[in-house]
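Source file: structure_1.txt. Holds: compact mmCIF, C-alpha atoms.
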```txt
# COMPACT_ATOMS: atom_id res chain seq x y z
CA MET A 1 -4.14 13.06 -2.49
CA SER A 2 -0.70 11.94 -1.29
CA SER A 3 1.67 10.72 -3.96
CA LEU A 4 1.80 7.44 -2.01
CA ASN A 5 -1.81 6.85 -3.02
CA ILE A 6 -1.18 7.26 -6.74
CA VAL A 7 -0.80 3.86 -8.38
CA THR A 8 -0.26 4.18 -12.11
CA ALA A 9 1.72 2.14 -14.61
CA GLU A 10 4.05 5.09 -15.18
CA HIS A 11 4.63 5.59 -11.45
CA LEU A 12 5.46 1.94 -10.86
CA GLU A 13 7.75 1.71 -13.87
CA ALA A 14 9.67 4.82 -12.81
CA SER A 15 10.13 3.55 -9.26
CA ASN A 16 11.24 -0.03 -9.88
CA LEU A 17 14.15 -1.19 -12.04
CA PHE A 18 12.50 -4.57 -12.54
CA TYR A 19 9.51 -2.91 -14.18
CA ARG A 20 11.75 -0.91 -16.49
CA ASN A 21 13.66 -4.07 -17.41
CA PRO A 22 11.31 -7.08 -17.40
CA SER A 23 14.03 -9.50 -18.55
CA LEU A 24 16.07 -8.56 -15.48
CA TYR A 25 12.97 -9.15 -13.35
CA ASP A 26 12.59 -12.65 -14.80
CA SER A 27 16.26 -13.39 -14.33
CA VAL A 28 16.51 -12.33 -10.69
CA GLN A 29 13.24 -14.04 -9.74
CA SER A 30 13.90 -17.27 -11.66
CA ASP A 31 14.23 -19.29 -8.44
CA SER A 32 11.01 -17.97 -6.88
CA ASP A 33 8.78 -20.68 -5.41
CA SER A 34 5.68 -18.49 -5.29
CA ALA A 35 3.83 -20.44 -7.97
CA HIS A 36 4.64 -23.74 -6.27
CA ILE A 37 3.39 -22.48 -2.90
CA CYS A 38 0.23 -21.09 -4.54
CA GLN A 39 -0.48 -24.39 -6.29
CA THR A 40 0.09 -26.31 -3.07
CA LEU A 41 -2.41 -24.10 -1.23
CA ILE A 42 -5.00 -24.48 -3.97
CA SER A 43 -4.52 -28.27 -4.07
CA ARG A 44 -4.92 -28.40 -0.29
CA HIS A 45 -8.07 -26.30 -0.04
CA SER A 46 -9.71 -26.53 -3.48
CA PRO A 47 -8.45 -29.68 -5.25
CA SER A 48 -11.20 -29.54 -7.88
CA ALA A 49 -10.22 -26.02 -9.05
CA ARG A 50 -9.72 -25.84 -12.80
CA THR A 51 -9.74 -22.09 -13.62
CA LEU A 52 -7.55 -19.32 -12.22
CA LEU A 53 -7.30 -15.53 -12.46
CA ASP A 54 -4.02 -13.84 -11.52
CA PHE A 55 -4.22 -10.13 -10.68
CA GLY A 56 -0.82 -8.46 -10.85
CA CYS A 57 0.71 -11.21 -12.99
CA GLY A 58 3.76 -9.13 -14.02
CA THR A 59 5.90 -10.88 -16.61
CA GLY A 60 3.77 -14.03 -16.40
CA ARG A 61 6.54 -16.04 -14.75
CA ASP A 62 4.27 -17.54 -12.07
CA LEU A 63 1.31 -17.71 -14.42
CA GLU A 64 3.28 -19.87 -16.85
CA LEU A 65 3.87 -22.45 -14.11
CA LEU A 66 0.29 -22.30 -12.86
CA ALA A 67 -1.03 -22.72 -16.41
CA VAL A 68 0.29 -26.28 -16.38
CA SER A 69 -2.49 -27.15 -13.92
CA PHE A 70 -5.15 -24.49 -14.51
CA GLU A 71 -6.90 -22.62 -17.28
CA CYS A 72 -5.46 -19.18 -16.55
CA VAL A 73 -5.97 -15.50 -17.31
CA GLY A 74 -3.49 -12.91 -16.06
CA VAL A 75 -4.05 -9.19 -15.52
CA ASP A 76 -1.45 -6.49 -14.87
CA LEU A 77 -1.57 -2.72 -14.60
CA GLN A 78 1.60 -2.13 -16.61
CA PRO A 79 1.39 -2.39 -20.42
CA ALA A 80 5.16 -2.90 -20.70
CA LEU A 81 5.03 -6.02 -18.52
CA VAL A 82 2.02 -7.37 -20.39
CA GLU A 83 3.76 -6.77 -23.71
CA TYR A 84 6.88 -8.55 -22.44
CA SER A 85 4.78 -11.46 -21.17
CA ARG A 86 3.06 -11.82 -24.53
CA ARG A 87 6.43 -11.92 -26.30
CA ALA A 88 8.16 -14.24 -23.85
CA ARG A 89 5.16 -16.49 -23.15
CA PRO A 90 2.79 -16.21 -26.12
CA GLU A 91 0.72 -19.17 -24.94
CA LEU A 92 -0.59 -17.18 -21.97
CA ASP A 93 -3.76 -15.05 -21.90
CA VAL A 94 -2.46 -11.84 -20.31
CA ARG A 95 -4.36 -8.54 -20.32
CA VAL A 96 -3.83 -4.95 -19.17
CA GLY A 97 -6.05 -3.98 -16.25
CA ASP A 98 -6.14 -2.22 -12.89
CA MET A 99 -6.98 -4.64 -10.07
CA ARG A 100 -9.00 -1.92 -8.38
CA ILE A 101 -11.52 -1.55 -11.20
CA VAL A 102 -11.08 -4.25 -13.86
CA ARG A 103 -14.05 -6.49 -14.60
CA LEU A 104 -13.49 -9.45 -16.93
CA GLY A 105 -17.11 -10.56 -16.98
CA HIS A 106 -16.57 -14.06 -15.60
CA THR A 107 -15.52 -15.86 -12.42
CA ALA A 108 -12.87 -18.47 -11.68
CA ASP A 109 -12.34 -21.32 -9.23
CA SER A 110 -9.21 -19.59 -7.91
CA VAL A 111 -8.31 -15.91 -7.72
CA VAL A 112 -4.69 -15.12 -6.87
CA CYS A 113 -2.60 -12.01 -6.29
CA LEU A 114 1.07 -12.89 -5.88
CA GLY A 115 4.44 -11.15 -5.90
CA ASN A 116 3.35 -8.52 -3.35
CA SER A 117 1.21 -6.89 -6.06
CA LEU A 118 -1.46 -5.87 -3.55
CA ALA A 119 1.19 -3.97 -1.54
CA TYR A 120 1.50 -1.39 -4.33
CA VAL A 121 -2.03 -0.21 -3.50
CA HIS A 122 -1.33 2.15 -0.62
CA ASP A 123 -4.66 3.70 0.39
CA ASN A 124 -7.53 2.00 2.23
CA GLN A 125 -10.11 2.78 -0.44
CA GLY A 126 -7.91 1.28 -3.14
CA ILE A 127 -7.33 -1.87 -1.10
CA GLN A 128 -11.05 -2.24 -0.52
CA SER A 129 -11.63 -1.79 -4.24
CA ALA A 130 -9.05 -4.50 -5.02
CA PHE A 131 -10.85 -6.91 -2.72
CA GLY A 132 -14.07 -5.91 -4.47
CA THR A 133 -12.47 -6.98 -7.74
CA PHE A 134 -11.49 -10.33 -6.23
CA ALA A 135 -15.11 -10.80 -5.12
CA ALA A 136 -16.49 -9.75 -8.50
CA HIS A 137 -14.58 -12.61 -10.11
CA ALA A 138 -15.54 -15.21 -7.52
CA HIS A 139 -18.40 -17.64 -7.28
CA SER A 140 -19.46 -19.57 -4.20
CA GLY A 141 -16.44 -21.58 -3.06
CA THR A 142 -13.81 -19.68 -5.08
CA LEU A 143 -10.44 -19.76 -3.35
CA LEU A 144 -8.50 -16.51 -2.93
CA VAL A 145 -4.71 -16.71 -2.49
CA LEU A 146 -2.77 -13.53 -1.69
CA CYS A 147 0.96 -13.04 -1.15
CA SER A 148 1.70 -9.78 0.67
CA PRO A 149 3.86 -8.25 3.41
CA VAL A 150 2.36 -8.51 6.89
CA ALA A 151 5.26 -6.86 8.76
CA PRO A 152 7.87 -4.27 7.75
CA ILE A 153 11.48 -5.01 6.92
CA GLU A 154 13.69 -2.79 9.04
CA SER A 155 17.47 -2.50 9.14
CA LEU A 156 19.70 -0.01 10.92
CA SER A 157 22.47 -0.38 8.34
CA PRO A 158 22.52 -0.89 4.56
CA GLN A 159 22.29 -4.47 3.35
CA GLN A 160 24.40 -5.72 0.46
CA ALA A 161 23.90 -8.64 -1.87
CA ARG A 162 25.46 -10.00 -5.04
CA VAL A 163 22.93 -10.94 -7.70
CA GLU A 164 23.66 -13.02 -10.78
CA THR A 165 21.55 -11.96 -13.76
CA ARG A 166 21.47 -12.44 -17.51
CA LEU A 167 22.88 -8.93 -17.67
CA GLY A 168 25.87 -9.97 -15.58
CA ALA A 169 26.65 -9.82 -11.89
CA ALA A 170 25.33 -6.92 -9.86
CA LYS A 171 26.12 -5.61 -6.40
CA VAL A 172 22.95 -4.35 -4.75
CA THR A 173 22.95 -2.06 -1.71
CA ILE A 174 19.58 -1.90 0.04
CA THR A 175 18.22 0.38 2.76
CA TYR A 176 14.79 0.27 4.39
CA GLU A 177 12.50 2.87 5.94
CA TRP A 178 9.28 2.28 7.87
CA ASP A 179 6.50 4.85 8.23
CA LEU A 180 4.13 3.58 10.91
CA ARG A 181 1.52 6.24 10.20
CA THR A 182 1.02 5.25 6.57
CA GLN A 183 2.20 1.63 7.01
CA ILE A 184 4.51 2.12 4.04
CA ASN A 185 7.77 0.15 3.95
CA THR A 186 10.23 1.87 1.61
CA MET A 187 13.10 -0.03 0.05
CA ARG A 188 15.86 1.92 -1.70
CA ARG A 189 18.21 -0.04 -3.93
CA HIS A 190 21.45 0.94 -5.62
CA TRP A 191 22.52 -1.41 -8.41
CA ALA A 192 26.15 -1.59 -9.56
CA PHE A 193 26.59 -3.95 -12.52
CA ALA A 194 29.88 -5.55 -13.52
CA SER A 195 29.59 -3.65 -16.81
CA GLY A 196 30.02 -0.39 -14.92
CA GLU A 197 26.36 0.60 -15.27
CA GLU A 198 24.51 1.79 -12.19
CA ALA A 199 20.83 2.22 -11.39
CA GLN A 200 18.67 3.20 -8.46
CA ASP A 201 15.09 2.51 -7.56
CA VAL A 202 12.71 3.25 -4.70
CA ILE A 203 9.98 0.74 -3.90
CA ARG A 204 7.14 1.54 -1.52
CA ARG A 205 4.88 -1.23 -0.25
CA ARG A 206 1.86 -1.04 2.02
CA VAL A 207 2.04 -3.48 4.92
CA LEU A 208 -1.27 -5.02 5.95
CA GLY A 209 -1.35 -7.01 9.18
CA PRO A 210 -3.14 -10.36 9.31
CA ARG A 211 -6.19 -8.91 11.07
CA GLU A 212 -6.43 -6.16 8.44
CA LEU A 213 -6.32 -8.73 5.67
CA GLU A 214 -8.99 -10.72 7.47
CA LEU A 215 -11.18 -7.62 7.75
CA TYR A 216 -10.89 -6.64 4.07
CA ALA A 217 -11.55 -10.23 3.05
CA THR A 218 -14.57 -10.60 5.32
CA LEU A 219 -16.12 -7.33 4.17
CA SER A 220 -15.80 -8.55 0.57
CA GLY A 221 -17.51 -11.88 1.19
CA PHE A 222 -14.51 -14.12 1.88
CA ASP A 223 -13.87 -16.29 4.93
CA ILE A 224 -10.25 -16.79 5.97
CA VAL A 225 -9.05 -20.38 5.61
CA GLU A 226 -5.46 -19.86 6.71
CA ILE A 227 -2.66 -17.32 6.83
CA THR A 228 0.74 -18.95 6.51
CA SER A 229 4.29 -17.68 6.36
CA GLU A 230 6.22 -17.71 3.09
CA SER A 231 8.22 -20.66 4.40
CA GLY A 232 4.99 -22.64 4.78
CA ALA A 233 5.00 -22.56 8.58
CA THR A 234 1.60 -22.05 10.18
CA THR A 235 3.22 -19.72 12.74
CA LEU A 236 3.81 -16.41 11.01
CA MET A 237 7.53 -15.70 10.78
CA GLY A 238 9.16 -13.07 8.62
CA PRO A 239 7.65 -10.13 6.77
CA GLY A 240 5.64 -11.96 4.07
CA ALA A 241 2.66 -14.27 4.23
CA TYR A 242 0.13 -16.13 2.12
CA THR A 243 -3.50 -15.45 2.91
CA VAL A 244 -6.04 -18.05 1.80
CA ALA A 245 -9.77 -17.33 1.89
CA ARG A 246 -12.94 -18.84 0.44
CA TYR A 247 -15.79 -16.86 -1.11
CA ARG A 248 -19.09 -17.47 0.63
CA GLY A 249 -21.18 -15.89 -2.10
CA SER A 250 -23.06 -13.32 -0.02
CA VAL A 251 -21.38 -10.17 -1.34
CA ARG A 252 -21.22 -8.99 -4.94
CA THR A 253 -19.33 -5.91 -6.13
```
Could you rewrite the structure in this file as C-alpha cells?
Amino acid sequence: MSSLNIVTAEHLEASNLFYRNPSLYDSVQSDSDSAHICQTLISRHSPSARTLLDFGCGTGRDLELLAVSFECVGVDLQPALVEYSRRARPELDVRVGDMRIVRLGHTADSVVCLGNSLAYVHDNQGIQSAFGTFAAHAHSGTLLVLCSPVAPIESLSPQQARVETRLGAAKVTITYEWDLRTQINTMRRHWAFASGEEAQDVIRRRVLGPRELELYATLSGFDIVEITSESGATTLMGPGAYTVARYRGSVRT
C-alpha cells in the first residue's frame, strides 16, 4: 500500500503544523466562514433539521458555532485535536473516531464533513468507506454537507503570505505540486515566526471532481442537491466546493 493511502492520527499530526499545534490552528482559522456557509446550506435545504454530526471536526471551532443552532456531536481521527477541543470547548460532545469505520449507533438530520477533512482520505476504497459512514448515520431525508477540493491548486512559483497568530506574526512560503495520476495536491509550507522559530509541513489532499463526488454519494444512497463554490456562487470557481446531498434511504452500510 502506498504511503499516500495511510491515514492515521500520527501521520496527519506529523505532516501538518496545525495538527501539532491546535491553538495555532484555531488562531489562523479564526475568520473562517465554513460554519456560516454550512448553516446557510442546511437552512436552505433542511430548515427543520435539529441534530448534526460533524466528521472531521478538528478543534471544534466550526462545531461550536453550529451547536448554537443544532444538537451536535463531533468526531475526529486525532486524539490530540479531540483533547484540545474538550479543553477549549468543554460544552461540546467530541469523540475520537475514524470516519471510514466509526459507527455511533444513531442518525442525525444533518451529516457534515468540513475543513477539507475528506481530502485526507486518499484511496478510493477509503473514500467509499467514508461515504458509507455518512450513510450509516443518515435517515431518510438527512442532509449531507461536504467541503472538499474539486480542483488542484497549482503555482509555478512559491507563494508568500504574512499570517498574524496568537504566537506572533509568521511569514509563510508555500509551494504546490499536482500528481494527476493519484489526484493528490501537495502543499509544502515553510513557517518563519517573528520569534525566530521555523517549521515546515507537507500536506497532501485528494482532489475529487464534482462528478466523482456525485458518484460516491449516489452509490451510498444520497442524491445531489447542489454543488456550490466556496464563495457561494452556483458556478464552480476556485479549487474548493460545498457538496449538498439528501439521503433517500435505500442504502444502508
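The closest residue to A:Gly115, picked from A:Arg211, A:Arg61, A:Arg204, A:Arg100 and counting only C-alpha atoms, is A:Arg61.
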So that each row is one residue of stretch 12-75 of chain A with an atom at most 12 Å from stretch 122-134 of chain A, can you give its shortest atom pair and the distance in Å to one decimal, using all atoms listed in the file, rows by chain and rising number, as a Markdown table?
```
| residue | atom | partner | partner_atom | distance |
| --- | --- | --- | --- | --- |
| A:Leu52 | CA | A:Phe134 | CA | 11.5 |
| A:Leu53 | CA | A:Phe134 | CA | 9.1 |
| A:Asp54 | CA | A:Phe134 | CA | 9.8 |
| A:Phe55 | CA | A:Phe134 | CA | 8.5 |
| A:Gly56 | CA | A:Ala130 | CA | 10.8 |
| A:Val75 | CA | A:Thr133 | CA | 11.7 |
```
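Counting all atoms listed in the file, the residue from A:Glu197, A:Asp26, A:Asp76, A:Glu226 that sits nearest to A:Ala245 is A:Glu226.
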query: Nearest to A:Leu219: which of A:His106, A:Ile37, A:Ala135, A:Asn185 is it, counting all atoms listed in the file?
result: A:Ala135
- request: Name the residues in contact with A:Leu92 at a cut-off of 10 Å, using all atoms listed in the file, excluding same-chain residues fewer than 2 positions from it; report them as a PyMOL selection string.
  value: chain A and resi 60+63-64+67+71-74+85-90+94-95
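Among A:Val244, A:Val163, A:Leu65, A:Val150, the residue with the shortest atom-to-atom distance to A:His45, counting all atoms listed in the file, is A:Val244.
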